[in-house]
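Student: My structure file start-v3.cif, mmCIF, C-alpha atoms, is below:
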data_coords
#
loop_
_atom_site.label_atom_id
_atom_site.label_comp_id
_atom_site.auth_asym_id
_atom_site.auth_seq_id
_atom_site.Cartn_x
_atom_site.Cartn_y
_atom_site.Cartn_z
CA MET D 380 0.00 0.00 0.00
CA ASN D 381 1.48 3.28 -1.15
CA ALA D 382 1.11 5.07 2.16
CA LYS D 383 3.08 6.19 5.15
CA THR D 384 2.22 7.02 8.74
CA THR D 385 3.08 10.39 10.24
CA SER D 386 1.87 11.94 13.50
CA ASN D 387 -0.78 9.22 13.91
CA SER D 388 -2.03 9.97 10.39
CA LEU D 389 -1.84 7.94 7.22
CA ILE D 390 -0.98 9.70 3.95
CA ILE D 391 -2.44 7.81 1.00
CA ARG D 392 -1.93 8.57 -2.68
CA GLU D 393 -4.59 7.26 -5.07
CA PHE D 394 -6.93 5.60 -2.59
CA THR D 395 -7.95 2.72 -4.85
CA ALA D 396 -10.49 0.03 -4.04
CA LEU D 397 -7.66 -2.37 -3.21
CA LYS D 398 -6.20 0.08 -0.69
CA GLN D 399 -9.64 0.77 0.73
CA LEU D 400 -10.32 -2.92 1.29
CA LYS D 401 -6.90 -3.37 2.90
CA LEU D 402 -7.53 -0.49 5.31
CA PHE D 403 -11.08 -1.53 6.22
CA ASN D 404 -10.14 -5.21 6.58
CA SER D 405 -7.40 -4.20 9.01
CA LEU D 406 -9.89 -2.16 11.04
CA GLN D 407 -12.38 -5.04 11.04
CA GLU D 408 -9.79 -7.55 12.16
CA SER D 409 -8.94 -5.23 15.06
CA GLN D 410 -12.66 -4.65 15.83
CA VAL D 411 -12.07 -0.89 15.78
CA SER D 412 -14.79 1.57 16.83
CA GLY D 413 -14.40 5.31 16.33
CA LYS D 414 -14.34 8.07 13.73
CA LEU D 415 -12.19 7.72 10.63
CA THR D 416 -11.46 11.16 9.17
CA PHE D 417 -10.22 11.67 5.60
CA THR D 418 -8.79 15.05 4.62
CA GLU D 419 -7.90 16.25 1.11
CA PRO D 420 -5.05 18.70 1.79
CA MET D 421 -5.33 20.78 -1.41
CA GLN D 422 -9.04 21.61 -1.24
CA LYS D 423 -9.18 21.03 2.53
CA SER D 424 -12.25 18.83 2.14
CA GLU D 425 -12.96 16.54 5.08
CA TRP D 426 -15.10 13.43 5.41
CA HIS D 427 -15.92 11.28 8.45
CA LEU D 428 -16.80 7.60 8.60
CA TYR D 429 -18.09 6.25 11.91
CA LEU D 430 -17.10 2.69 12.72
CA HIS D 431 -18.43 0.09 15.15
CA LEU D 432 -16.30 -3.03 15.51
CA GLY D 433 -14.95 -2.37 12.01
CA ALA D 434 -18.34 -2.01 10.32
CA ILE D 435 -19.48 1.40 9.04
CA VAL D 436 -22.30 3.08 10.95
CA TYR D 437 -22.61 6.35 9.01
CA GLY D 438 -20.69 9.00 7.08
CA THR D 439 -20.71 12.80 7.13
CA GLY D 440 -18.71 15.73 5.78
CA GLY D 441 -17.68 16.76 2.31
CA VAL D 442 -18.36 20.03 0.53
CA HIS D 443 -22.18 19.71 0.33
CA PRO D 444 -23.59 17.68 3.26
CA ILE D 445 -26.99 19.42 3.15
CA ARG D 446 -27.29 19.10 -0.62
CA ARG D 447 -26.46 15.41 -0.19
CA TRP D 448 -29.19 15.06 2.45
CA GLN D 449 -31.70 16.68 0.10
CA ARG D 450 -30.72 14.36 -2.77
CA ASN D 451 -30.88 11.40 -0.43
CA LEU D 452 -34.42 12.14 0.71
CA ILE D 453 -35.67 12.70 -2.83
CA SER D 454 -34.04 9.50 -4.07
CA ASN D 455 -34.78 7.14 -1.18
CA LEU D 456 -37.51 8.59 1.05
CA PRO D 457 -40.05 10.24 -1.28
CA GLN D 458 -42.89 9.54 1.16
CA VAL D 459 -41.35 11.69 3.90
CA PRO D 460 -43.00 15.15 4.01
CA PHE D 461 -39.94 17.35 4.18
CA GLY D 462 -40.51 20.67 5.91
CA LEU D 463 -37.47 22.47 7.22
CA SER D 464 -39.24 24.38 9.98
CA SER D 465 -40.96 21.29 11.36
CA LEU D 466 -37.72 19.30 11.08
CA GLN D 467 -35.85 22.04 12.95
CA GLU D 468 -38.45 22.00 15.74
CA GLU D 469 -38.36 18.22 15.97
CA LEU D 470 -34.57 18.11 16.12
CA THR D 471 -34.53 20.84 18.78
CA GLU D 472 -37.06 18.94 20.90
CA ARG D 473 -34.87 15.85 20.75
CA GLU D 474 -31.78 17.98 21.50
CA ALA D 475 -30.01 16.79 18.36
CA ASP D 476 -26.58 18.30 17.75
CA LEU D 477 -27.01 20.57 14.73
CA ASP D 478 -23.30 21.36 14.56
CA ASP D 479 -22.62 17.80 13.42
CA ASN D 480 -24.48 16.01 10.65
CA ILE D 481 -24.95 13.03 12.93
CA TRP D 482 -28.48 14.42 13.29
CA GLU D 483 -29.16 12.83 9.90
CA TYR D 484 -28.47 9.39 11.33
CA GLU D 485 -30.52 10.11 14.44
CA GLN D 486 -33.37 11.32 12.25
CA LEU D 487 -33.34 8.13 10.21
CA HIS D 488 -33.48 6.05 13.38
CA HIS D 489 -36.33 8.20 14.67
CA TRP D 490 -38.30 7.72 11.44
CA VAL D 491 -37.80 3.94 11.66
CA GLU D 492 -39.01 3.92 15.27
CA GLN D 493 -42.09 5.92 14.22
CA ASN D 494 -42.74 3.48 11.33
CA ILE D 495 -42.48 6.38 8.88
CA ILE D 496 -39.79 4.54 6.93
CA THR D 497 -38.70 0.90 6.87
CA PRO D 498 -35.35 -0.38 8.13
CA GLN D 499 -34.48 -1.20 4.51
CA GLN D 500 -35.20 2.37 3.42
CA ALA D 501 -33.00 3.65 6.23
CA ARG D 502 -30.24 1.30 5.13
CA ASN D 503 -30.56 2.47 1.52
CA THR D 504 -30.30 6.08 2.71
CA VAL D 505 -27.18 5.37 4.77
CA LEU D 506 -25.59 3.54 1.84
CA PHE D 507 -26.45 6.40 -0.54
CA ALA D 508 -24.57 8.88 1.65
CA LEU D 509 -21.62 6.54 2.14
CA LYS D 510 -21.23 5.86 -1.59
CA GLU D 511 -21.15 9.57 -2.43
CA ILE D 512 -18.59 10.14 0.31
CA LEU D 513 -16.34 7.24 -0.68
CA PHE D 514 -16.56 8.25 -4.35
CA ASP D 515 -15.30 11.74 -3.47
CA ILE D 516 -12.53 10.28 -1.33
CA THR D 517 -11.54 7.99 -4.21
CA GLN D 518 -11.48 10.92 -6.62
CA ALA D 519 -9.07 12.88 -4.41
CA ARG D 520 -5.48 12.39 -5.58
CA GLN D 521 -4.10 12.31 -2.05
CA ILE D 522 -5.78 12.03 1.33
CA ILE D 523 -4.72 12.09 4.94
CA CYS D 524 -6.48 9.51 7.10
CA ARG D 525 -6.64 9.56 10.88
CA LEU D 526 -8.58 7.57 13.46
CA SER D 527 -10.16 8.86 16.66
CA GLN D 528 -11.39 6.00 18.81
CA ASN D 529 -12.93 8.49 21.26
CA ASP D 530 -15.57 9.57 18.73
CA ALA D 531 -17.49 6.35 18.23
CA LEU D 532 -21.14 6.46 17.12
CA ALA D 533 -23.38 3.83 18.72
CA PRO D 534 -25.17 1.91 15.95
CA GLN D 535 -28.96 2.38 15.95
CA LEU D 536 -29.42 0.88 12.50
CA GLU D 537 -27.76 -2.10 10.85
CA PRO D 538 -24.13 -1.13 10.06
CA ILE D 539 -22.78 -1.43 6.52
CA GLU D 540 -20.07 -3.96 5.76
CA PRO D 541 -17.06 -2.12 4.26
CA GLU D 542 -16.63 -4.68 1.46
CA GLU D 543 -20.18 -4.02 0.22
CA LEU D 544 -19.59 -0.26 0.24
CA VAL D 545 -16.21 -0.49 -1.49
CA ASN D 546 -17.49 -2.86 -4.18
CA GLN D 547 -20.55 -0.74 -4.99
CA THR D 548 -18.53 2.47 -5.08
CA GLN D 549 -15.86 0.83 -7.23
CA GLN D 550 -18.48 -0.12 -9.82
CA VAL D 551 -19.49 3.54 -10.11
CA TRP D 552 -15.88 4.73 -10.16
CA GLN D 553 -14.97 2.20 -12.86
CA SER D 554 -17.85 3.48 -15.00
CA TRP D 555 -16.50 7.03 -14.68
CA GLU D 556 -13.02 5.88 -15.63
CA ASN D 557 -14.34 3.92 -18.62
CA ALA D 558 -16.22 7.01 -19.78
CA ARG D 559 -13.02 9.06 -19.34
CA VAL D 560 -14.66 11.58 -17.03
CA ALA D 561 -13.01 10.54 -13.76
CA ASP D 562 -11.41 13.99 -13.52
CA ARG D 563 -14.81 15.74 -13.54
CA LEU D 564 -16.04 16.65 -10.08
CA PRO D 565 -19.75 15.83 -9.60
CA ASN D 566 -20.03 18.53 -6.93
CA LEU D 567 -19.42 21.29 -9.49
CA ALA D 568 -22.32 23.08 -11.15
CA PRO D 569 -22.58 23.53 -14.93
CA VAL D 570 -23.22 27.07 -16.16
CA ILE D 571 -23.69 28.49 -19.65
CA LEU D 572 -20.68 30.59 -20.70
CA GLN D 573 -21.49 31.13 -24.37
CA PRO D 574 -25.28 31.52 -24.76
CA GLN D 575 -25.06 32.66 -28.38
CA GLU D 576 -23.11 29.56 -29.39
CA LEU D 577 -25.59 27.38 -27.53
CA GLN D 578 -28.48 29.01 -29.40
CA LYS D 579 -26.86 28.08 -32.71
CA LYS D 580 -26.67 24.42 -31.71
CA THR D 581 -30.12 23.93 -30.14
CA SER D 582 -33.77 24.66 -30.75
CA ILE D 583 -35.47 27.59 -29.02
CA SER D 584 -37.30 25.31 -26.57
CA ALA D 585 -34.14 23.31 -25.78
CA TYR D 586 -32.19 26.51 -25.26
CA GLN D 587 -34.81 27.91 -22.87
CA SER D 588 -34.91 24.63 -20.92
CA LEU D 589 -31.12 24.55 -20.61
CA CYS D 590 -31.04 28.17 -19.42
CA LYS D 591 -33.46 27.31 -16.62
CA LEU D 592 -31.70 24.07 -15.75
CA LEU D 593 -28.07 25.18 -15.93
CA ASN D 594 -28.32 28.30 -13.81
CA GLY D 595 -25.12 27.66 -11.87
CA ASN D 596 -27.02 26.65 -8.72
CA ARG D 597 -27.31 22.89 -9.30
CA THR D 598 -24.38 20.51 -9.13
CA MET D 599 -24.05 17.55 -11.47
CA ARG D 600 -25.39 15.38 -8.67
CA ASP D 601 -28.33 17.72 -8.08
CA LEU D 602 -29.14 17.69 -11.79
CA ALA D 603 -28.98 13.90 -11.89
CA VAL D 604 -31.58 13.59 -9.14
CA GLN D 605 -33.82 16.21 -10.75
CA LEU D 606 -33.58 14.52 -14.16
CA ARG D 607 -33.83 11.01 -12.64
CA THR D 608 -30.59 9.87 -14.16
CA SER D 609 -27.10 9.16 -12.85
CA PRO D 610 -24.37 11.76 -12.26
CA LEU D 611 -22.28 9.94 -14.88
CA GLN D 612 -25.02 10.32 -17.50
CA ALA D 613 -25.43 13.98 -16.56
CA VAL D 614 -21.70 14.63 -16.94
CA SER D 615 -21.42 12.63 -20.16
CA SER D 616 -24.36 14.39 -21.82
CA LEU D 617 -22.89 17.83 -21.07
CA LEU D 618 -19.25 16.93 -21.75
CA PRO D 619 -19.11 18.00 -25.45
CA TYR D 620 -20.42 21.44 -24.49
CA ILE D 621 -17.97 21.66 -21.58
CA GLN D 622 -15.05 20.68 -23.79
CA SER D 623 -16.05 23.28 -26.41
CA GLY D 624 -16.24 26.00 -23.78
CA ILE D 625 -19.98 26.62 -24.17
CA PHE D 626 -20.56 25.32 -20.64
CA GLY D 627 -18.31 25.79 -17.64
CA LEU D 628 -18.18 24.14 -14.23
CA VAL D 629 -18.21 26.30 -11.10
CA ASP D 630 -18.06 25.82 -7.34
CA VAL D 631 -21.30 26.40 -5.45
CA PRO D 632 -21.94 26.71 -1.70
CA ASP D 633 -23.92 24.23 0.30
CA PHE D 634 -27.47 24.94 1.55
CA PRO D 635 -26.87 27.24 3.40
CA ASP D 636 -23.29 28.40 2.92
CA ASP D 637 -22.66 29.33 6.55
CA GLY D 638 -24.98 27.10 8.59
CA THR D 639 -26.78 29.98 10.29
CA ASN D 640 -30.01 29.75 8.36
CA TYR D 641 -30.29 26.05 9.01
CA ARG D 642 -29.80 26.45 12.74
CA HIS D 643 -32.69 28.91 12.80
CA GLY D 644 -34.97 26.85 10.59
CA ARG D 645 -34.69 29.11 7.54
CA LEU D 646 -32.86 26.84 5.12
CA SER D 647 -34.38 26.86 1.63
CA PHE D 648 -33.54 24.24 -0.97
CA CYS D 649 -33.73 24.92 -4.71
CA SER D 650 -37.26 24.31 -5.87
CA SER D 651 -37.12 25.61 -9.40
#
Translate the structure of the given file into structure tokens.

Tutor:
Amino acid sequence: MNAKTTSNSLIIREFTALKQLKLFNSLQESQVSGKLTFTEPMQKSEWHLYLHLGAIVYGTGGVHPIRRWQRNLISNLPQVPFGLSSLQEELTEREADLDDNIWEYEQLHHWVEQNIITPQQARNTVLFALKEILFDITQARQIICRLSQNDALAPQLEPIEPEELVNQTQQVWQSWENARVADRLPNLAPVILQPQELQKKTSISAYQSLCKLLNGNRTMRDLAVQLRTSPLQAVSSLLPYIQSGIFGLVDVPDFPDDGTNYRHGRLSFCSS
């Protein structure tokens, strides 16, 4: 494994599926419980995986945790009436920690207890979040990994076996590599840079639809959920326009960008 340990941290270049399995198998053999933190030093992105006896309980972090939660609910829990004010009140009543996205996991457990969702739906939701997180970690060229055994998360739902997570994420990653778009970040948002050129290549109705859709506020992943397709298909369909310079890819903040609005129940997701 192309890695070295320094100051209780592990520096890993190209965190491939093989290296992931080796790391997780080692943690399982040692029955480790705690928080595994991955940091990408260039962009300073940080992800957290919570372990219980080597199995994965939940994952948080990344550049867009609230966007990911929104996508997750739309994709896996369509029957849940999602109101931010009522959710805020409910979380406050249960004294959930809003400074840490562990409230997502607690909310899933609460919904299972209330028979609002099934245990299988909760599992699918956990796995959805973990696959996005591990994909982003895989895409990073170099990561720093550190373990804190003092920050364990008690499992309230069935933990995910690391091998299942790695294998499913690897299938997605391999598809991106085969399509030669592995260098495209799904957390970036497409935006129209050359509207006149786009008009020449599309019909009036298609142009108007694209202007509404590609407004610079929706990431590739957000678009995929809205269009009911995969992020890979979204990237691949836009790639010729990106390569020609008609579309660009830009960074966008999370919902909200500073956390204040969410803490006061005023978070608003894109609805258009």

Student: What are the nearest atom pairs, with distances in Å to one decimal, for all residues of range 491-519 of chain D that come at most 12 Å from range 403-425 of chain D, using only C-alpha atoms, set out by chain and rising residue number as a Markdown table?

Tutor:
| residue | atom | partner | partner_atom | distance |
| --- | --- | --- | --- | --- |
| D:Ile512 | CA | D:Glu425 | CA | 9.8 |
| D:Leu513 | CA | D:Phe417 | CA | 9.8 |
| D:Asp515 | CA | D:Ser424 | CA | 9.5 |
| D:Ile516 | CA | D:Phe417 | CA | 7.4 |
| D:Thr517 | CA | D:Glu419 | CA | 10.5 |
| D:Gln518 | CA | D:Glu419 | CA | 10.0 |
| D:Ala519 | CA | D:Glu419 | CA | 6.6 |

Student: Taking the file as shown, find all residues satisfying the PyMOL selection byres ((chain D and resi 502-510) around 8) and write them as a count of residues only.

Tutor: 24

Student: Ranking D:Gln573, D:Ser527, D:Thr598, D:Asn557 by minimum distance to Val631 in chain D and counting all atoms listed in the file, which one comes first?

Tutor: D:Thr598

Student: Give as JSON, numbers by chain the residues that the PyMOL selection byres ((chain D and resi 589-593) around 10) matches when applied to the coordinates above.

Tutor: {"D": [568, 569, 570, 571, 574, 577, 581, 583, 584, 585, 586, 587, 588, 594, 595, 596, 597, 598, 599, 602, 605, 606, 626, 627, 651]}

Student: Could you jot down the CA of Arg446 in chain D to CA of His488 in chain D separation for me, Å, one decimal place?

Tutor: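 Atom-to-atom, CA of Arg446 in chain D to CA of His488 in chain D, that is 20.1 Å.
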
Student: Report, in Å with one decimal, the straight-line distance from CA of Gly441 in chain D to CA of His427 in chain D.

Tutor: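 Calculated distance between CA of Gly441 in chain D and CA of His427 in chain D is 8.4 Å.
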
Student: Which neighbours of range 563-565 of chain D fall inside 6 Å, counting all atoms listed in the file, when residues of the same chain fewer than 2 positions from it are skipped, and could you give them as a ChimeraX atom specification?

Tutor: /D:560-561,567,599-600

Student: Using all atoms listed in the file for the distances, tell me which of D:Lys580, D:Lys401, D:His431, D:Arg607 is nearest to Ala531 in chain D.

Tutor: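 Between D:Lys580, D:Lys401, D:His431, D:Arg607, the residue approaching Ala531 in chain D most closely is D:His431.
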
Student: Can you tell me, as JSON, the centre and edge lengths (Å, one decimal) of the axis-aligned box enclosing all of range 420-427 of chain D's listed atoms after padding each side by 8 Å?

Tutor:
{"center_x": -10.5, "center_y": 16.4, "center_z": 3.5, "size_x": 26.9, "size_y": 26.3, "size_z": 25.9}

Student: Quick one: pull the distance between CA of Gly624 in chain D and CA of Ser554 in chain D, Å, one decimal.

Tutor: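 Computing it gives 24.2 Å between the two atoms.
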
Student: Using only C-alpha atoms, which of D:Ser454, D:Glu483, D:Gly433, D:Val442 sits nearest Ala603 in chain D?

Tutor: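 The shortest atom-to-atom distance to Ala603 in chain D comes from D:Ser454.
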